[in-house]
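Structure file model-v8.txt (compact mmCIF, C-alpha atoms) follows.
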```txt
# COMPACT_ATOMS: atom_id res chain seq x y z
CA MET A 1 40.75 -29.56 -53.69
CA ARG A 2 38.24 -28.91 -56.43
CA ARG A 3 38.17 -25.23 -55.46
CA PHE A 4 41.98 -25.00 -55.53
CA ILE A 5 42.26 -26.55 -59.00
CA SER A 6 39.48 -24.24 -60.26
CA ILE A 7 41.26 -21.18 -58.89
CA VAL A 8 44.48 -22.25 -60.62
CA ILE A 9 42.70 -22.79 -63.94
CA VAL A 10 40.89 -19.45 -63.71
CA PHE A 11 44.09 -17.65 -62.71
CA GLY A 12 45.88 -19.09 -65.74
CA LEU A 13 43.02 -18.01 -67.97
CA ILE A 14 43.07 -14.45 -66.64
CA MET A 15 46.86 -14.33 -67.13
CA PHE A 16 46.37 -15.49 -70.71
CA PHE A 17 43.83 -12.72 -71.30
CA ILE A 18 46.12 -10.11 -69.77
CA ASN A 19 48.96 -11.26 -72.03
CA THR A 20 46.81 -10.57 -75.08
CA LEU A 21 46.39 -6.95 -73.94
CA SER A 22 49.53 -5.99 -75.88
CA LEU A 23 47.62 -6.78 -79.08
CA LEU A 24 44.76 -4.45 -78.14
CA PRO A 25 44.79 -0.65 -78.29
CA LYS A 26 45.23 1.12 -74.94
CA TYR A 27 41.99 1.79 -73.03
CA GLY A 28 40.57 5.18 -73.96
CA SER A 29 42.70 5.73 -77.07
CA VAL A 30 41.12 3.40 -79.60
CA ASN A 31 41.37 4.39 -83.25
CA ILE A 32 37.93 4.85 -84.73
CA SER A 33 37.53 2.62 -87.78
CA LYS A 34 36.67 3.82 -91.28
CA VAL A 35 33.32 2.00 -91.16
CA SER A 36 32.28 3.72 -87.95
CA GLU A 37 33.51 7.03 -89.38
CA ALA A 38 31.19 6.54 -92.37
CA TYR A 39 28.28 5.64 -90.09
CA ILE A 40 28.81 8.77 -87.96
CA ASP A 41 29.04 11.09 -90.98
CA LYS A 42 26.12 9.28 -92.69
CA ASN A 43 28.45 8.89 -95.64
CA VAL A 44 28.22 5.20 -96.54
CA ASN A 45 27.09 5.84 -100.12
CA GLY A 46 29.50 8.75 -100.48
CA ASN A 47 27.01 11.64 -100.46
CA GLY A 48 26.95 12.77 -96.83
CA GLY A 49 29.52 14.20 -94.48
CA ASN A 50 29.65 17.13 -92.03
CA VAL A 51 26.31 16.45 -90.34
CA LYS A 52 25.01 19.34 -88.23
CA TYR A 53 22.17 19.09 -85.72
CA ASN A 54 18.95 20.86 -86.78
CA GLU A 55 20.47 21.94 -90.12
CA SER A 56 21.49 19.00 -92.29
CA GLU A 57 18.63 17.84 -94.46
CA SER A 58 17.84 14.81 -96.64
CA LEU A 59 20.84 12.73 -95.65
CA GLU A 60 20.89 9.03 -96.46
CA ASN A 61 19.74 8.44 -92.85
CA GLY A 62 18.30 11.22 -90.71
CA ALA A 63 18.47 9.62 -87.25
CA ALA A 64 20.14 11.88 -84.67
CA ASN A 65 21.08 8.82 -82.60
CA VAL A 66 23.94 7.15 -84.47
CA VAL A 67 23.51 3.82 -82.64
CA THR A 68 19.89 3.66 -83.79
CA SER A 69 20.89 4.44 -87.36
CA ILE A 70 23.23 1.43 -87.28
CA VAL A 71 20.82 -0.96 -85.54
CA VAL A 72 17.73 -0.20 -87.61
CA ASP A 73 19.06 1.05 -90.93
CA TYR A 74 22.61 0.15 -91.89
CA ARG A 75 22.53 -3.25 -90.18
CA SER A 76 18.80 -3.84 -90.22
CA PHE A 77 19.14 -7.32 -91.68
CA ASP A 78 21.28 -8.28 -88.69
CA THR A 79 18.59 -6.92 -86.35
CA LEU A 80 15.94 -8.97 -88.18
CA GLY A 81 18.04 -12.04 -87.42
CA GLU A 82 18.43 -11.11 -83.76
CA VAL A 83 14.69 -10.55 -83.37
CA THR A 84 14.22 -14.00 -84.88
CA VAL A 85 16.57 -15.46 -82.25
CA LEU A 86 14.47 -13.79 -79.54
CA PHE A 87 11.31 -15.19 -81.13
CA THR A 88 12.84 -18.68 -81.11
CA ALA A 89 13.75 -18.31 -77.43
CA ALA A 90 10.19 -17.20 -76.53
CA LEU A 91 8.77 -20.07 -78.58
CA GLY A 92 11.09 -22.49 -76.80
CA VAL A 93 9.93 -21.25 -73.39
CA SER A 94 6.25 -21.72 -74.22
CA LEU A 95 6.97 -25.12 -75.80
CA VAL A 96 8.96 -26.41 -72.80
CA LEU A 97 6.61 -25.11 -70.12
CA ASN A 98 3.33 -25.75 -72.03
CA GLY A 99 1.11 -24.49 -69.20
CA ILE A 100 -2.63 -24.10 -69.62
CA ARG A 101 -4.15 -22.51 -66.53
CA ARG A 102 -3.09 -19.31 -64.81
CA LYS A 103 -1.14 -20.07 -61.67
CA LYS A 104 -2.82 -18.71 -58.51
CA TYR A 105 -0.77 -17.57 -55.53
CA GLY A 106 -3.65 -18.44 -53.21
CA ARG A 107 -3.69 -15.19 -51.27
CA ARG A 108 -4.76 -11.68 -52.04
CA PRO A 109 -1.89 -9.33 -53.05
CA ASN A 110 -1.39 -6.68 -50.42
CA PHE A 111 -3.00 -3.26 -50.49
CA ILE A 112 0.14 -1.25 -51.28
CA LEU A 113 0.96 -3.39 -54.32
CA ARG A 114 -2.57 -3.16 -55.74
CA VAL A 115 -2.90 0.61 -55.33
CA SER A 116 0.61 1.50 -56.47
CA VAL A 117 0.29 -0.68 -59.58
CA GLY A 118 -2.91 1.19 -60.45
CA ILE A 119 -0.99 4.46 -60.32
CA LEU A 120 2.33 3.30 -61.78
CA LEU A 121 1.18 1.07 -64.63
CA PRO A 122 -0.05 3.84 -67.00
CA LEU A 123 3.17 5.76 -66.35
CA ILE A 124 5.32 2.70 -67.07
CA ILE A 125 3.48 1.95 -70.33
CA LEU A 126 3.70 5.65 -71.31
CA PHE A 127 7.42 5.71 -70.55
CA GLY A 128 8.04 2.56 -72.58
CA THR A 129 6.11 4.02 -75.52
CA TYR A 130 8.04 7.29 -75.26
CA ILE A 131 11.32 5.35 -75.26
CA PHE A 132 10.57 3.51 -78.47
CA ILE A 133 8.92 6.38 -80.34
CA HIS A 134 11.89 8.66 -79.60
CA GLY A 135 14.42 5.93 -80.34
CA HIS A 136 15.97 7.88 -83.22
CA LEU A 137 16.44 11.08 -81.15
CA THR A 138 17.30 10.06 -77.58
CA PRO A 139 18.94 7.03 -75.96
CA GLY A 140 16.63 4.04 -76.04
CA GLY A 141 14.62 2.48 -78.82
CA GLY A 142 12.57 -0.59 -79.43
CA PHE A 143 14.60 -3.04 -77.35
CA PRO A 144 14.55 -1.19 -73.98
CA GLY A 145 11.04 0.17 -74.66
CA GLY A 146 9.66 -3.32 -75.20
CA THR A 147 11.42 -4.54 -72.06
CA ILE A 148 9.91 -1.73 -69.97
CA ILE A 149 6.42 -2.59 -71.26
CA ALA A 150 7.00 -6.25 -70.39
CA ALA A 151 7.99 -5.16 -66.87
CA GLY A 152 4.62 -3.35 -66.67
CA ILE A 153 2.83 -6.56 -67.69
CA LEU A 154 4.77 -8.40 -64.98
CA LEU A 155 3.46 -5.92 -62.37
CA LEU A 156 -0.07 -6.53 -63.64
CA TYR A 157 0.43 -10.27 -63.21
CA LEU A 158 1.72 -9.86 -59.67
CA SER A 159 -1.07 -7.53 -58.54
CA ASN A 160 -4.09 -9.24 -60.08
CA GLU A 161 -4.90 -12.93 -59.58
CA GLU A 162 -7.36 -13.07 -62.47
CA PHE A 163 -5.27 -11.31 -65.12
CA ASP A 164 -4.07 -13.49 -67.99
CA LEU A 165 -2.81 -12.63 -71.46
CA SER A 166 -3.91 -15.77 -73.23
CA LYS A 167 -3.09 -15.44 -76.94
CA THR A 168 -2.46 -11.69 -77.22
CA PRO A 169 1.40 -11.81 -77.13
CA LYS A 170 1.58 -14.36 -79.93
CA PHE A 171 -0.85 -12.32 -82.04
CA VAL A 172 0.92 -8.95 -81.57
CA GLU A 173 4.28 -10.60 -82.07
CA GLY A 174 3.27 -12.25 -85.35
CA ILE A 175 1.67 -9.09 -86.75
CA SER A 176 4.64 -6.82 -85.95
CA GLY A 177 7.20 -9.36 -87.16
CA SER A 178 5.38 -9.72 -90.48
CA LEU A 179 5.09 -5.95 -90.85
CA TYR A 180 8.86 -5.66 -90.36
CA ILE A 181 9.43 -8.04 -93.25
CA VAL A 182 6.75 -6.26 -95.34
CA THR A 183 8.61 -2.96 -94.77
CA GLY A 184 11.73 -4.63 -96.10
CA LEU A 185 9.90 -6.02 -99.12
CA VAL A 186 8.41 -2.59 -99.96
CA GLY A 187 11.97 -1.26 -100.01
CA LEU A 188 12.93 -4.14 -102.29
CA ALA A 189 10.07 -3.27 -104.68
CA ILE A 190 10.76 0.49 -104.72
CA ALA A 191 14.55 0.79 -104.64
CA GLY A 192 15.75 -2.74 -105.30
CA VAL A 193 17.38 -3.37 -101.90
CA PHE A 194 15.84 -5.29 -98.99
CA LEU A 195 15.12 -3.03 -95.97
CA ILE A 196 16.39 0.13 -97.67
CA ASN A 197 15.35 3.52 -96.24
CA PHE A 198 12.87 4.58 -98.92
CA LEU A 199 11.06 7.44 -97.15
CA PRO A 200 12.27 11.08 -97.09
CA THR A 201 14.62 11.57 -94.13
CA GLY A 202 13.95 15.19 -93.12
CA ILE A 203 16.08 17.36 -90.85
CA VAL A 204 18.35 15.69 -88.28
CA GLY A 205 16.69 16.07 -84.87
CA ASP A 206 13.01 16.37 -85.88
CA LEU A 207 10.47 13.88 -84.54
CA PHE A 208 9.25 13.12 -88.06
CA SER A 209 12.59 12.39 -89.62
CA ALA A 210 14.83 9.44 -90.45
CA GLY A 211 12.46 7.71 -92.91
CA ILE A 212 11.61 4.15 -91.93
CA VAL A 213 13.75 4.15 -88.77
CA PRO A 214 10.96 5.20 -86.31
CA ILE A 215 8.47 2.86 -88.01
CA VAL A 216 10.78 -0.15 -87.75
CA TYR A 217 11.71 0.72 -84.16
CA ILE A 218 8.04 0.93 -83.17
CA LEU A 219 7.50 -2.50 -84.73
CA ILE A 220 10.55 -3.87 -82.88
CA GLY A 221 9.22 -2.33 -79.66
CA PHE A 222 5.89 -4.12 -80.04
CA LYS A 223 7.62 -7.36 -81.01
CA VAL A 224 10.11 -7.39 -78.13
CA GLY A 225 7.42 -6.29 -75.66
CA ALA A 226 5.08 -9.05 -76.82
CA GLU A 227 7.81 -11.73 -76.71
CA LEU A 228 9.03 -10.84 -73.23
CA SER A 229 5.44 -10.50 -71.94
CA GLY A 230 4.82 -13.93 -73.44
CA ILE A 231 7.77 -15.31 -71.46
CA VAL A 232 6.39 -13.74 -68.25
CA ALA A 233 2.94 -15.15 -69.01
CA ASP A 234 4.34 -18.64 -69.64
CA LEU A 235 6.19 -18.59 -66.33
CA HIS A 236 2.86 -17.84 -64.64
CA ARG A 237 1.08 -20.87 -66.07
CA GLU A 238 0.83 -24.42 -64.85
CA GLY A 239 -0.97 -27.63 -65.67
CA MET B 1 36.85 9.35 -63.68
CA THR B 2 39.46 6.63 -63.19
CA GLY B 3 38.78 6.52 -59.46
CA VAL B 4 35.06 6.04 -60.03
CA THR B 5 35.75 3.32 -62.60
CA ILE B 6 38.01 1.38 -60.22
CA PHE B 7 35.55 1.75 -57.32
CA VAL B 8 32.56 0.59 -59.36
CA GLY B 9 34.65 -2.21 -60.86
CA ILE B 10 35.62 -3.55 -57.44
CA LEU B 11 31.96 -3.42 -56.33
CA ILE B 12 30.94 -5.32 -59.50
CA ILE B 13 33.52 -8.03 -58.86
CA ILE B 14 32.52 -8.38 -55.19
CA SER B 15 28.83 -8.73 -56.06
CA ALA B 16 29.68 -11.26 -58.81
CA ILE B 17 31.67 -13.38 -56.33
CA PHE B 18 28.78 -13.14 -53.85
CA ALA B 19 26.32 -14.17 -56.59
CA VAL B 20 28.41 -17.27 -57.31
CA GLU B 21 29.13 -18.25 -53.71
CA ALA B 22 25.85 -17.40 -51.91
CA LYS B 23 24.22 -20.31 -50.09
CA LYS B 24 20.63 -19.24 -50.74
CA MET B 25 19.46 -18.98 -54.32
CA LEU B 26 17.47 -15.77 -53.73
CA ASP B 27 20.56 -14.00 -52.36
CA SER B 28 22.41 -15.03 -55.48
CA PHE B 29 19.75 -13.51 -57.75
CA ILE B 30 19.71 -10.25 -55.80
CA ALA B 31 23.50 -10.02 -56.06
CA LEU B 32 23.24 -10.65 -59.80
CA SER B 33 20.71 -7.83 -60.08
CA LEU B 34 23.03 -5.55 -58.11
CA MET B 35 25.87 -6.45 -60.47
CA SER B 36 23.73 -5.49 -63.48
CA LEU B 37 22.81 -2.16 -61.89
CA LEU B 38 26.45 -1.35 -61.17
CA THR B 39 27.34 -2.26 -64.75
CA VAL B 40 24.97 0.52 -65.84
CA PHE B 41 27.34 3.01 -64.12
CA LEU B 42 30.24 1.61 -66.11
CA PHE B 43 28.31 1.92 -69.39
CA VAL B 44 27.41 5.54 -68.62
CA ILE B 45 31.06 6.33 -67.80
CA MET B 46 32.04 4.80 -71.14
CA LYS B 47 29.55 7.08 -72.96
CA ALA B 48 27.09 4.37 -74.02
CA PRO B 49 23.64 5.63 -72.87
CA ASP B 50 21.70 3.33 -75.22
CA VAL B 51 23.31 0.25 -73.76
CA ALA B 52 22.96 1.62 -70.23
CA ILE B 53 19.20 2.10 -70.52
CA THR B 54 18.78 -1.39 -71.99
CA GLU B 55 20.88 -3.00 -69.29
CA ALA B 56 18.94 -1.13 -66.58
CA ALA B 57 15.61 -2.34 -67.94
CA VAL B 58 16.75 -5.91 -68.59
CA GLY B 59 19.33 -6.74 -65.96
CA ALA B 60 17.75 -5.14 -62.94
CA GLY B 61 14.12 -5.68 -63.91
CA LEU B 62 13.22 -8.57 -66.14
CA ALA B 63 16.14 -11.00 -65.78
CA THR B 64 15.78 -11.05 -61.99
CA ALA B 65 12.01 -11.46 -62.32
CA VAL B 66 12.43 -14.42 -64.69
CA LEU B 67 14.87 -16.15 -62.33
CA VAL B 68 12.71 -15.55 -59.24
CA LEU B 69 9.57 -16.76 -61.04
CA ALA B 70 11.38 -19.93 -62.12
CA LEU B 71 12.58 -20.49 -58.54
CA ASN B 72 9.03 -19.95 -57.29
CA LYS B 73 7.77 -22.57 -59.74
CA MET B 74 10.13 -25.12 -58.16
CA GLY B 75 8.76 -24.50 -54.69
CA GLY B 76 11.11 -21.87 -53.27
CA ASP B 77 14.60 -22.09 -51.87
CA SER B 78 14.55 -25.79 -51.01
CA GLN B 79 17.06 -27.50 -53.29
CA MET C 1 41.34 -0.53 -66.69
CA VAL C 2 37.93 -1.73 -67.71
CA TYR C 3 39.71 -4.54 -69.57
CA TYR C 4 40.90 -5.95 -66.24
CA ILE C 5 37.40 -5.71 -64.73
CA ALA C 6 35.97 -7.63 -67.68
CA PHE C 7 38.71 -10.31 -67.52
CA ILE C 8 38.29 -10.85 -63.78
CA LEU C 9 34.51 -11.08 -64.24
CA ILE C 10 34.94 -13.74 -66.94
CA GLY C 11 37.22 -15.53 -64.48
CA VAL C 12 34.61 -15.34 -61.71
CA GLY C 13 31.96 -16.73 -64.07
CA ILE C 14 34.12 -19.68 -65.09
CA TYR C 15 35.09 -20.30 -61.45
CA GLY C 16 31.39 -20.53 -60.59
CA PHE C 17 30.83 -22.91 -63.46
CA LEU C 18 33.64 -25.19 -62.26
CA THR C 19 32.96 -25.24 -58.52
CA GLN C 20 29.19 -25.01 -58.04
CA LYS C 21 26.99 -28.10 -58.16
CA ASN C 22 23.60 -26.44 -58.41
CA LEU C 23 22.40 -25.97 -61.99
CA PHE C 24 20.86 -22.61 -61.11
CA LYS C 25 24.32 -21.38 -60.13
CA HIS C 26 25.54 -22.41 -63.58
CA LEU C 27 22.88 -20.18 -65.10
CA VAL C 28 23.98 -17.30 -62.84
CA SER C 29 27.62 -17.87 -63.88
CA LEU C 30 26.67 -17.80 -67.55
CA THR C 31 24.88 -14.48 -67.01
CA ILE C 32 28.00 -13.07 -65.32
CA VAL C 33 30.17 -14.08 -68.30
CA ASP C 34 27.57 -12.53 -70.63
CA THR C 35 27.75 -9.19 -68.79
CA ALA C 36 31.55 -9.32 -68.73
CA VAL C 37 31.76 -9.81 -72.49
CA ASN C 38 29.37 -6.88 -73.00
CA ILE C 39 31.56 -4.66 -70.82
CA PHE C 40 34.64 -5.72 -72.78
CA ILE C 41 33.08 -5.00 -76.19
CA ILE C 42 31.86 -1.55 -75.06
CA SER C 43 35.28 -0.70 -73.65
CA LEU C 44 36.80 -1.41 -77.09
CA GLY C 45 34.85 1.57 -78.47
CA TYR C 46 35.57 4.12 -75.74
CA ILE C 47 37.70 7.13 -76.64
CA GLU C 48 38.89 9.53 -73.96
CA GLY C 49 37.36 13.01 -74.18
CA LYS C 50 34.67 12.24 -76.73
CA GLU C 51 30.89 12.27 -76.32
CA ALA C 52 28.04 9.77 -76.57
CA PRO C 53 27.13 9.16 -80.25
CA ILE C 54 23.93 11.24 -80.42
CA TYR C 55 23.53 14.49 -82.34
CA SER C 56 21.84 16.97 -79.99
CA LYS C 57 21.73 20.61 -78.92
CA TYR C 58 24.94 20.12 -76.94
CA THR C 59 26.86 18.08 -79.51
CA PRO C 60 25.77 19.53 -82.87
CA ILE C 61 28.78 18.25 -84.81
CA ALA C 62 30.41 14.82 -84.68
CA ASN C 63 32.87 14.27 -81.81
CA PHE C 64 31.80 10.78 -80.85
CA VAL C 65 33.01 7.50 -79.41
CA ASP C 66 32.79 4.44 -81.66
CA PRO C 67 29.06 3.62 -82.08
CA LEU C 68 29.53 0.18 -83.68
CA PRO C 69 30.25 -1.87 -80.50
CA GLN C 70 27.28 -0.20 -78.79
CA ALA C 71 24.98 -1.25 -81.61
CA LEU C 72 26.16 -4.85 -81.31
CA VAL C 73 25.77 -5.00 -77.52
CA LEU C 74 22.32 -3.36 -77.52
CA THR C 75 20.73 -6.39 -79.18
CA ALA C 76 22.95 -8.90 -77.37
CA ILE C 77 21.60 -7.83 -73.94
CA VAL C 78 17.96 -8.42 -74.90
CA ILE C 79 18.84 -11.78 -76.46
CA GLY C 80 20.66 -12.59 -73.22
CA VAL C 81 17.42 -12.33 -71.24
CA GLY C 82 15.65 -14.49 -73.84
CA THR C 83 18.19 -17.29 -73.54
CA LEU C 84 18.19 -16.89 -69.74
CA ALA C 85 14.42 -17.49 -69.72
CA LEU C 86 14.85 -20.54 -71.98
CA GLY C 87 17.52 -21.93 -69.65
CA ALA C 88 15.34 -21.30 -66.59
CA SER C 89 12.39 -23.10 -68.18
CA LEU C 90 14.62 -26.08 -69.02
CA LEU C 91 15.73 -26.14 -65.36
CA ILE C 92 12.07 -26.24 -64.29
CA LYS C 93 11.63 -29.39 -66.40
CA VAL C 94 14.82 -30.93 -64.98
CA TYR C 95 13.51 -30.29 -61.46
CA GLU C 96 10.16 -31.85 -62.33
CA LYS C 97 11.89 -35.00 -63.59
CA TYR C 98 14.58 -35.54 -60.93
CA GLY C 99 13.32 -33.58 -57.93
CA THR C 100 16.70 -31.92 -57.47
CA LEU C 101 19.06 -29.55 -59.27
CA ASP C 102 22.31 -30.95 -57.85
CA VAL C 103 24.51 -32.24 -60.68
CA GLU C 104 25.88 -35.20 -58.72
CA GLN C 105 22.48 -36.32 -57.41
CA ILE C 106 21.10 -36.15 -60.94
CA ALA C 107 24.00 -38.32 -62.10
CA THR C 108 23.33 -40.97 -59.40
CA LYS C 109 19.60 -40.98 -60.18
CA GLU C 110 20.40 -41.40 -63.83
CA ALA C 111 22.71 -44.33 -63.03
CA GLU C 112 20.04 -46.06 -60.92
CA GLU C 113 17.50 -46.10 -63.73
```
Encoded form (structure tokens):
Amino acid sequence: MRRFISIVIVFGLIMFFINTLSLLPKYGSVNISKVSEAYIDKNVNGNGGNVKYNESESLENGAANVVTSIVVDYRSFDTLGEVTVLFTAALGVSLVLNGIRRKKYGRRPNFILRVSVGILLPLIILFGTYIFIHGHLTPGGGFPGGTIIAAGILLLYLSNEEFDLSKTPKFVEGISGSLYIVTGLVGLAIAGVFLINFLPTGIVGDLFSAGIVPIVYILIGFKVGAELSGIVADLHREG
Amino acid sequence: MTGVTIFVGILIIISAIFAVEAKKMLDSFIALSLMSLLTVFLFVIMKAPDVAITEAAVGAGLATAVLVLALNKMGGDSQ
Amino acid sequence: MVYYIAFILIGVGIYGFLTQKNLFKHLVSLTIVDTAVNIFIISLGYIEGKEAPIYSKYTPIANFVDPLPQALVLTAIVIGVGTLALGASLLIKVYEKYGTLDVEQIATKEAEE
């Protein structure tokens, strides 16, 4: 009975959603908005336009990856808020679980796990670092890079009974979060706007381009990696 | 491309239904992880590589790990 | 097309929320709805025949899909795993207190006290 009523409710809901489809543009033929147009042409302040890879120089934002330029430059304040939400979630986890000792599984991890972690871990950390350093050129950035590093820490936890990150995540997290805000305040002091891109932006497509975007993304990478590693560490504690 | 989209979409919906209806909790988490991985296909088809790489790292790796660790803390699949 | 997939997935998530009694299944349902909403937002930015929004050797001039929904979803996914971990840790505490995760058993135990 309960199942039947639920199916009816859900069916009605889906029908309601499908009815609203007439208000939406057809799939695959959305009109690109003026705001997105300005972000793509790097033309928000009215001095960009016609960006060309490897040629355009000193634009208001030199990131080749347009998504990165939105996340870390044009809407950086929004990202600061989202990172704060993530920090609050990590804080909540450690507050609710409040473990002290490292949880032991009581048996030695098997041979294959131990050896393969020894080989894979440096590669995973290297890959995560590559992802967040090249965030302004290739797909990726601080958020996936930090997650990949946290996955590496998880492997370390599973393969080694003695390993424990006691206070390191909190420390790294606090330092990188503060540096993010300091970067914003330096922009406020130099150009009068919080989190403005105050460094020279270089040629689109170079590794050293895009002003503060790589710096902020590296900080976000450390922050997200530390927070998610902290969550993994908290789930491994008891007592 | 439409055929691939429909095929992947049907697989996503089947794995979501399995994740909701599975009797054992571990099966449910694995189905959820499978759903996240298949979503990555959909994001790549829709030309969103940034989102795809994030979803691959989070959905298939860390989210499943968090759920399994929490289940392990409660003494396995006993509830 | 993708709209329908997202709608049905939201439906599956809500169905799980209504029918299942285990609190862990509620968490799983919430994650399904989260993914469905992400798919929907991304599909609102897709334009047929255009490329991923990255300037590169192969796409030197702009011919891109809408980058704004992608920027929004990118952060939402990572926050999703944060809230998932918070929910899971709350469930651990619930299990420590009541010894079960079944909603109805928790309600009877609460009534007895």
Atomic separation - atom CA of Glu60 of chain A relative to atom CA of Gly46 of chain A, Å: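 These two atoms are separated by 9.5 Å.
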Test item: residues at most 12 Å from segment 99-111 of chain A, only C-alpha atoms, excluding those fewer than 2 positions along its chain, as a VMD selection string: (chain A and resid 93 to 97 113 to 118 155 to 167 230 to 239) or (chain B and resid 69 72 to 73 75) or (chain C and resid 89 93)
Proximal residues of chain A relative to chain B (all atoms listed in the file; 10 Å) as a ChimeraX atom specification: /A:28,65,67-68,103,131,135,138-151,154,228-229,231-232,235-238
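When all atoms listed in the file are used to compute distances to Leu38 of chain B, the closest of the residues C:Ala107, C:Met1, C:Thr35, C:Thr19 turns out to be C:Thr35.
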Distance of atom CA of Asn22 of chain C from atom CA of Thr108 of chain C, expressed in Å to one decimal place: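 Calculated distance between atom CA of Thr108 of chain C and atom CA of Asn22 of chain C is 14.6 Å.
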Contacts of segment 41-44 of chain B within 12 Å, all atoms listed in the file, excl. fewer than 5 positions in-chain, as an MDAnalysis selection string: (chainID A and resid 139) or (chainID B and resid 1:12 34:36 49:56) or (chainID C and resid 1:3 5:6 35:36 38:46 51:52 69:70 73:74)
Coordinates-based distance that separates atom CA of Ser178 of chain A from atom CA of Leu84 of chain C (Å, one decimal):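 About the pair atom CA of Leu84 of chain C and atom CA of Ser178 of chain A: they are 25.4 Å apart.
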Given all atoms listed in the file as the counted atoms, nearest of C:Ile54, C:Glu104, C:Ile10, C:Gly16 to chain B: C:Gly16
Neighbour residues at most 9 Å from (26.3, 12.3, -78.8) (all atoms listed in the file) as a ChimeraX atom specification: /A:64-66 /B:47 /C:50-56,58-65
Gly184 of chain A environment, 6 Å, only C-alpha atoms, sequence neighbours closer than 3 positions dropped, as a PyMOL selection string: chain A and resi 181+187+194-195
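Across B:Ala31, B:Ala63, B:Ile13, B:Met25, the tightest approach to Val78 of chain C is made by B:Ala63 when counting only C-alpha atoms.
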Nearest to chain A, chosen from C:Leu101, C:Ala71, C:Leu30, C:Val81, with all atoms listed in the file counted in the distances: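 Smallest separation from chain A among the options: C:Ala71.
The residues that lie within 10 Å of the point (25.8, -26.5, -55.8), counting only C-alpha atoms, are Val20, Glu21, Ala22, Lys23, Met25 and Gln79 of chain B; Gly16, Phe17, Thr19, Gln20, Lys21, Asn22, Leu23, Phe24, Lys25, His26, Leu101, Asp102, Val103 and Glu104 of chain C.
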Interface residues on chain A facing chain C, 7 Å, only C-alpha atoms, written as a count of residues only: 31
Best match for closeness to chain B among C:Glu113, C:Thr100, C:Leu27, C:Val94, counting only C-alpha atoms: C:Thr100
Pick from B:Val68, B:Met74, B:Val40, B:Ala60, whichever lies nearest to chain C using only C-alpha atoms: B:Met74
Return the padded bounding box of segment 19-26 of chain B as lines of an AutoDock Vina configuration file: axis-aligned, built from all atoms listed in the file, 6 Å added on each side, with centre and edge lengths in Å to one decimal.
```
center_x = 23.3
center_y = -17.2
center_z = -53.7
size_x = 23.7
size_y = 18.1
size_z = 19.2
```
With the input short on atoms, add N, CA and C atoms back to segment 122-134 of chain A and write it as a compact mmCIF listing (two decimals), in the coordinates of the input.
```txt
# COMPACT_ATOMS: atom_id res chain seq x y z
N PRO A 122 0.05 2.96 -65.83
CA PRO A 122 -0.05 3.84 -67.00
C PRO A 122 1.25 4.59 -67.25
N LEU A 123 1.91 5.02 -66.15
CA LEU A 123 3.17 5.76 -66.35
C LEU A 123 4.24 4.87 -66.96
N ILE A 124 4.29 3.61 -66.52
CA ILE A 124 5.32 2.70 -67.07
C ILE A 124 5.07 2.46 -68.55
N ILE A 125 3.79 2.20 -68.91
CA ILE A 125 3.48 1.95 -70.33
C ILE A 125 3.79 3.20 -71.15
N LEU A 126 3.43 4.39 -70.60
CA LEU A 126 3.70 5.65 -71.31
C LEU A 126 5.19 5.85 -71.51
N PHE A 127 5.97 5.53 -70.46
CA PHE A 127 7.42 5.71 -70.55
C PHE A 127 8.01 4.77 -71.59
N GLY A 128 7.54 3.52 -71.59
CA GLY A 128 8.04 2.56 -72.58
C GLY A 128 7.72 3.03 -73.99
N THR A 129 6.49 3.54 -74.19
CA THR A 129 6.11 4.02 -75.52
C THR A 129 6.96 5.21 -75.93
N TYR A 130 7.19 6.13 -74.97
CA TYR A 130 8.04 7.29 -75.26
C TYR A 130 9.43 6.82 -75.69
N ILE A 131 9.96 5.81 -74.95
CA ILE A 131 11.32 5.35 -75.26
C ILE A 131 11.39 4.81 -76.67
N PHE A 132 10.36 4.03 -77.11
CA PHE A 132 10.57 3.51 -78.47
C PHE A 132 10.11 4.45 -79.57
N ILE A 133 9.25 5.42 -79.28
CA ILE A 133 8.92 6.38 -80.34
C ILE A 133 10.07 7.36 -80.56
N HIS A 134 10.77 7.73 -79.46
CA HIS A 134 11.89 8.66 -79.60
C HIS A 134 13.22 7.96 -79.78
```
